[in-house]
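> I'd like to ask some things about the structure below.
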Amino acid sequence: MIESNFDKDLERKIDLYINGKLNEEQIDALWAELIQNEYYLDYAKSVANLKEVIKEGRKSQNLTPTYQLRKVASYGVAAAIAIIIGVIGVLNYTASNNPAELDTIAWIEYDTYRSSNDSPAITNNEVIKTAIRLANDGNTEEAIELLENEITIVTDTEELALLSLSLGSIHYNYGNYSDALVSFQNVVDKNEINTLILEKGYWYLANTYVQLDRLAEAEDALQKTLDLDGQYSRVAESYLSAINKVR
């Protein structure tokens with residue numbers, strides 16, 4: 001396949017669909033695209049096998065699609081959907097029979113509301129809000145570029161941490177775990193920032209390490225999350241216990 005055939009946004013939409021993260025309208029729109037694109041229709045048949053998270057049998061919510069096939073859908077499309085559902089069903093059965101497996105965050109919710117003294121990790125930064133809107137609309141590359149450019153301009157430490165937190169979240173949600181790791185590490189490297197922001201950085205960093213099967217480093221990040229004794233302390237403690245069972 002030649003370079004010009006790549007459509008990263010469409011690939012990410014397929015990944016989101018496989019993980020049950022699209023609503024009914026978005027699913028309809030996705031399949032309307034796939035019907036007209038033979039290459040990505042084939043891609044959709046195999047992506048469940050290719051995704052690291054699904055290969056490892058990690059459980060995710062709402063995997064059963066709720067779309068209604070458009071009248072223009074062919075039997076080939078229906079077959080593709082059946083293949084995807086079948087693969088996921090087998091993998092989810094495996095996951096449900098492996099109680100020691102870590103159930104990492106499948107999707108990081110974006111913080112877009114106005115910040116306050118109680119919750120400074122929730123931002124009113126307009127660049128972050130714009131980037132999140134772009135990501136939610138499927139324009140992830142544009143969102144990432146916007147945040148990366150802003151990071152080169154901003155000098156305030158806490159704003160830099162928030163920008164990195166948002167950038168890492170977008171990377172994480174689209175399966176770019178290596179890039180997410182860099183962003184979350186940039187957050188926790190700023191020890192002088194507000195504790196709530198720092199805690200989120202460590203918590204997301206820990207989940208990213210787990211996604212990358214780097215359990216020793218995940219354990220360290222989880223311990224730091226626990227030491228901060230904030231909103232993620234209990235779940236961090238549970239993760240630490242789970243890691244001890246699988247290591």
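Residues in the structure tokens are named by chain (A, B, ... in the order shown) and by number from 1 within that chain; ligands are numbered from 1 in the order shown.
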Residues near Ile151 (chain A), anyone? I mean within 8 Å using only C-alpha atoms, not counting same-chain ones fewer than 2 positions away, as a ChimeraX atom specification.

/A:147-149,153-154,160,163-164

> Write the residues you've just listed into a file as a JSON list (two decimals), in the first residue's frame, and include N, CA and C atoms for each of them.


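Below is the file that was written, out_12.json:
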```json
[["chain", "number", "residue", "atom", "x", "y", "z"],
["A", 147, "LEU", "N", -1.27, 21.43, 21.02],
["A", 147, "LEU", "CA", -0.73, 21.33, 22.38],
["A", 147, "LEU", "C", 0.79, 21.37, 22.38],
["A", 148, "GLU", "N", 1.41, 20.67, 21.44],
["A", 148, "GLU", "CA", 2.87, 20.66, 21.37],
["A", 148, "GLU", "C", 3.42, 22.05, 21.09],
["A", 149, "ASN", "N", 2.76, 22.80, 20.23],
["A", 149, "ASN", "CA", 3.20, 24.17, 19.95],
["A", 149, "ASN", "C", 3.07, 25.06, 21.18],
["A", 153, "ILE", "N", 5.82, 27.43, 23.98],
["A", 153, "ILE", "CA", 5.65, 28.87, 24.22],
["A", 153, "ILE", "C", 5.48, 29.19, 25.70],
["A", 154, "VAL", "N", 4.70, 28.38, 26.40],
["A", 154, "VAL", "CA", 4.34, 28.65, 27.79],
["A", 154, "VAL", "C", 5.55, 28.48, 28.71],
["A", 160, "LEU", "N", 2.33, 24.40, 32.06],
["A", 160, "LEU", "CA", 3.04, 23.38, 31.28],
["A", 160, "LEU", "C", 2.62, 21.98, 31.70],
["A", 163, "LEU", "N", -0.84, 21.29, 30.25],
["A", 163, "LEU", "CA", -0.75, 21.03, 28.81],
["A", 163, "LEU", "C", -0.21, 19.62, 28.55],
["A", 164, "SER", "N", 0.80, 19.23, 29.31],
["A", 164, "SER", "CA", 1.37, 17.89, 29.16],
["A", 164, "SER", "C", 0.38, 16.82, 29.58]]
```

> Give the alpha helix (DSSP H) residues of region 157-219 of chain A, as assigned by DSSP on the backbone, as an MDAnalysis selection string.

chainID A and resid 157:173 177:188 195:211 215:219

> Quick one: write out the picked residues with C-alpha atoms as a PDB file, in the first residue's frame?


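As a result, result_31.pdb now contains:
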```
ATOM      1  CA  THR A 157       5.279  25.509  35.344  1.00  0.00           C
ATOM      2  CA  GLU A 158       1.729  24.601  36.306  1.00  0.00           C
ATOM      3  CA  GLU A 159       0.328  25.509  32.881  1.00  0.00           C
ATOM      4  CA  LEU A 160       3.042  23.385  31.284  1.00  0.00           C
ATOM      5  CA  ALA A 161       2.004  20.489  33.507  1.00  0.00           C
ATOM      6  CA  LEU A 162      -1.649  20.875  32.498  1.00  0.00           C
ATOM      7  CA  LEU A 163      -0.746  21.034  28.812  1.00  0.00           C
ATOM      8  CA  SER A 164       1.373  17.895  29.161  1.00  0.00           C
ATOM      9  CA  LEU A 165      -1.407  16.168  31.086  1.00  0.00           C
ATOM     10  CA  SER A 166      -3.867  16.902  28.258  1.00  0.00           C
ATOM     11  CA  LEU A 167      -1.390  15.905  25.558  1.00  0.00           C
ATOM     12  CA  GLY A 168      -0.646  12.644  27.350  1.00  0.00           C
ATOM     13  CA  SER A 169      -4.352  11.929  27.768  1.00  0.00           C
ATOM     14  CA  ILE A 170      -5.003  12.300  24.033  1.00  0.00           C
ATOM     15  CA  HIS A 171      -2.069  10.055  23.184  1.00  0.00           C
ATOM     16  CA  TYR A 172      -3.245   7.480  25.730  1.00  0.00           C
ATOM     17  CA  ASN A 173      -6.831   7.449  24.479  1.00  0.00           C
ATOM     18  CA  TYR A 177       1.297   4.773  24.900  1.00  0.00           C
ATOM     19  CA  SER A 178       4.963   5.574  24.261  1.00  0.00           C
ATOM     20  CA  ASP A 179       4.094   9.203  23.482  1.00  0.00           C
ATOM     21  CA  ALA A 180       1.706   9.341  26.434  1.00  0.00           C
ATOM     22  CA  LEU A 181       4.518   8.121  28.669  1.00  0.00           C
ATOM     23  CA  VAL A 182       6.734  11.051  27.681  1.00  0.00           C
ATOM     24  CA  SER A 183       3.973  13.581  28.390  1.00  0.00           C
ATOM     25  CA  PHE A 184       3.030  12.147  31.795  1.00  0.00           C
ATOM     26  CA  GLN A 185       6.689  11.947  32.756  1.00  0.00           C
ATOM     27  CA  ASN A 186       6.957  15.656  31.944  1.00  0.00           C
ATOM     28  CA  VAL A 187       4.112  16.270  34.417  1.00  0.00           C
ATOM     29  CA  VAL A 188       5.645  14.372  37.345  1.00  0.00           C
ATOM     30  CA  THR A 195      -0.546  18.111  44.419  1.00  0.00           C
ATOM     31  CA  LEU A 196      -3.778  17.303  42.575  1.00  0.00           C
ATOM     32  CA  ILE A 197      -2.097  17.778  39.208  1.00  0.00           C
ATOM     33  CA  LEU A 198       0.959  15.825  40.316  1.00  0.00           C
ATOM     34  CA  GLU A 199      -1.218  12.959  41.541  1.00  0.00           C
ATOM     35  CA  LYS A 200      -3.012  12.739  38.199  1.00  0.00           C
ATOM     36  CA  GLY A 201       0.352  12.690  36.458  1.00  0.00           C
ATOM     37  CA  TYR A 202       1.574   9.751  38.535  1.00  0.00           C
ATOM     38  CA  TRP A 203      -1.736   7.880  38.234  1.00  0.00           C
ATOM     39  CA  TYR A 204      -1.861   8.194  34.446  1.00  0.00           C
ATOM     40  CA  LEU A 205       1.848   7.420  34.220  1.00  0.00           C
ATOM     41  CA  ALA A 206       1.285   4.202  36.198  1.00  0.00           C
ATOM     42  CA  ASN A 207      -1.518   3.112  33.868  1.00  0.00           C
ATOM     43  CA  THR A 208       0.654   3.844  30.852  1.00  0.00           C
ATOM     44  CA  TYR A 209       3.472   1.716  32.248  1.00  0.00           C
ATOM     45  CA  VAL A 210       1.009  -1.137  32.757  1.00  0.00           C
ATOM     46  CA  GLN A 211      -0.196  -0.791  29.165  1.00  0.00           C
ATOM     47  CA  LEU A 215       5.338  -3.396  35.752  1.00  0.00           C
ATOM     48  CA  ALA A 216       8.358  -2.462  37.875  1.00  0.00           C
ATOM     49  CA  GLU A 217       8.078   1.159  36.767  1.00  0.00           C
ATOM     50  CA  ALA A 218       4.305   1.034  37.125  1.00  0.00           C
ATOM     51  CA  GLU A 219       4.761  -0.119  40.701  1.00  0.00           C
TER      52      GLU A 219
END
```

> One decimal, in Å: what's the spacing between CA of Thr104 (chain A) and CA of Val235 (chain A)?

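So the answer is 10.6 Å.
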
> Which is closer to Asn139 (chain A) than all the others in A:Tyr174, A:Lys190, A:Ser238, A:Leu22, using only C-alpha atoms?

A:Tyr174

> Near Ala131 (chain A), counting only C-alpha atoms, which residues have an atom at most 7 Å away, once you skip same-chain residues fewer than 2 positions from it, shown as a ChimeraX atom specification?

/A:127-129,133-135,143,146-147

> Could those residues be written to a file, using N, CA and C atoms, as a PDB file, in the first residue's frame?


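See part.pdb below for the written result:
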```
ATOM      1  N   VAL A 127      -6.613  26.903  25.029  1.00  0.00           N
ATOM      2  CA  VAL A 127      -5.871  26.050  24.093  1.00  0.00           C
ATOM      3  C   VAL A 127      -6.188  24.588  24.371  1.00  0.00           C
ATOM      4  N   ILE A 128      -6.217  24.227  25.657  1.00  0.00           N
ATOM      5  CA  ILE A 128      -6.543  22.846  26.028  1.00  0.00           C
ATOM      6  C   ILE A 128      -7.972  22.516  25.612  1.00  0.00           C
ATOM      7  N   LYS A 129      -8.904  23.441  25.863  1.00  0.00           N
ATOM      8  CA  LYS A 129     -10.294  23.197  25.468  1.00  0.00           C
ATOM      9  C   LYS A 129     -10.422  22.988  23.960  1.00  0.00           C
ATOM     10  N   ARG A 133     -11.634  19.576  21.975  1.00  0.00           N
ATOM     11  CA  ARG A 133     -12.721  19.569  20.985  1.00  0.00           C
ATOM     12  C   ARG A 133     -12.249  18.942  19.679  1.00  0.00           C
ATOM     13  N   LEU A 134     -11.026  19.293  19.278  1.00  0.00           N
ATOM     14  CA  LEU A 134     -10.470  18.726  18.043  1.00  0.00           C
ATOM     15  C   LEU A 134     -10.327  17.209  18.161  1.00  0.00           C
ATOM     16  N   ALA A 135      -9.823  16.755  19.303  1.00  0.00           N
ATOM     17  CA  ALA A 135      -9.639  15.312  19.517  1.00  0.00           C
ATOM     18  C   ALA A 135     -10.970  14.583  19.506  1.00  0.00           C
ATOM     19  N   ALA A 143      -5.003  18.348  17.122  1.00  0.00           N
ATOM     20  CA  ALA A 143      -5.045  18.601  18.566  1.00  0.00           C
ATOM     21  C   ALA A 143      -3.668  18.437  19.188  1.00  0.00           C
ATOM     22  N   LEU A 146      -1.396  21.327  18.196  1.00  0.00           N
ATOM     23  CA  LEU A 146      -1.741  22.547  18.922  1.00  0.00           C
ATOM     24  C   LEU A 146      -1.138  22.543  20.325  1.00  0.00           C
ATOM     25  N   LEU A 147      -1.270  21.430  21.024  1.00  0.00           N
ATOM     26  CA  LEU A 147      -0.732  21.332  22.383  1.00  0.00           C
ATOM     27  C   LEU A 147       0.794  21.366  22.383  1.00  0.00           C
TER      28      LEU A 147
END
```

> Using only C-alpha atoms for the distances, tell me which of A:Ile18, A:Thr152, A:Glu11, A:Glu24 is nearest to Asn37 (chain A).

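Closest residue, counting only C-alpha atoms: A:Glu11.
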
> Could you check which of A:Ala44, A:Thr140, A:Ile35, A:Ile132 is closest to Tyr17 (chain A), using only C-alpha atoms?

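Under the stated criterion, the closest residue is A:Ala44.
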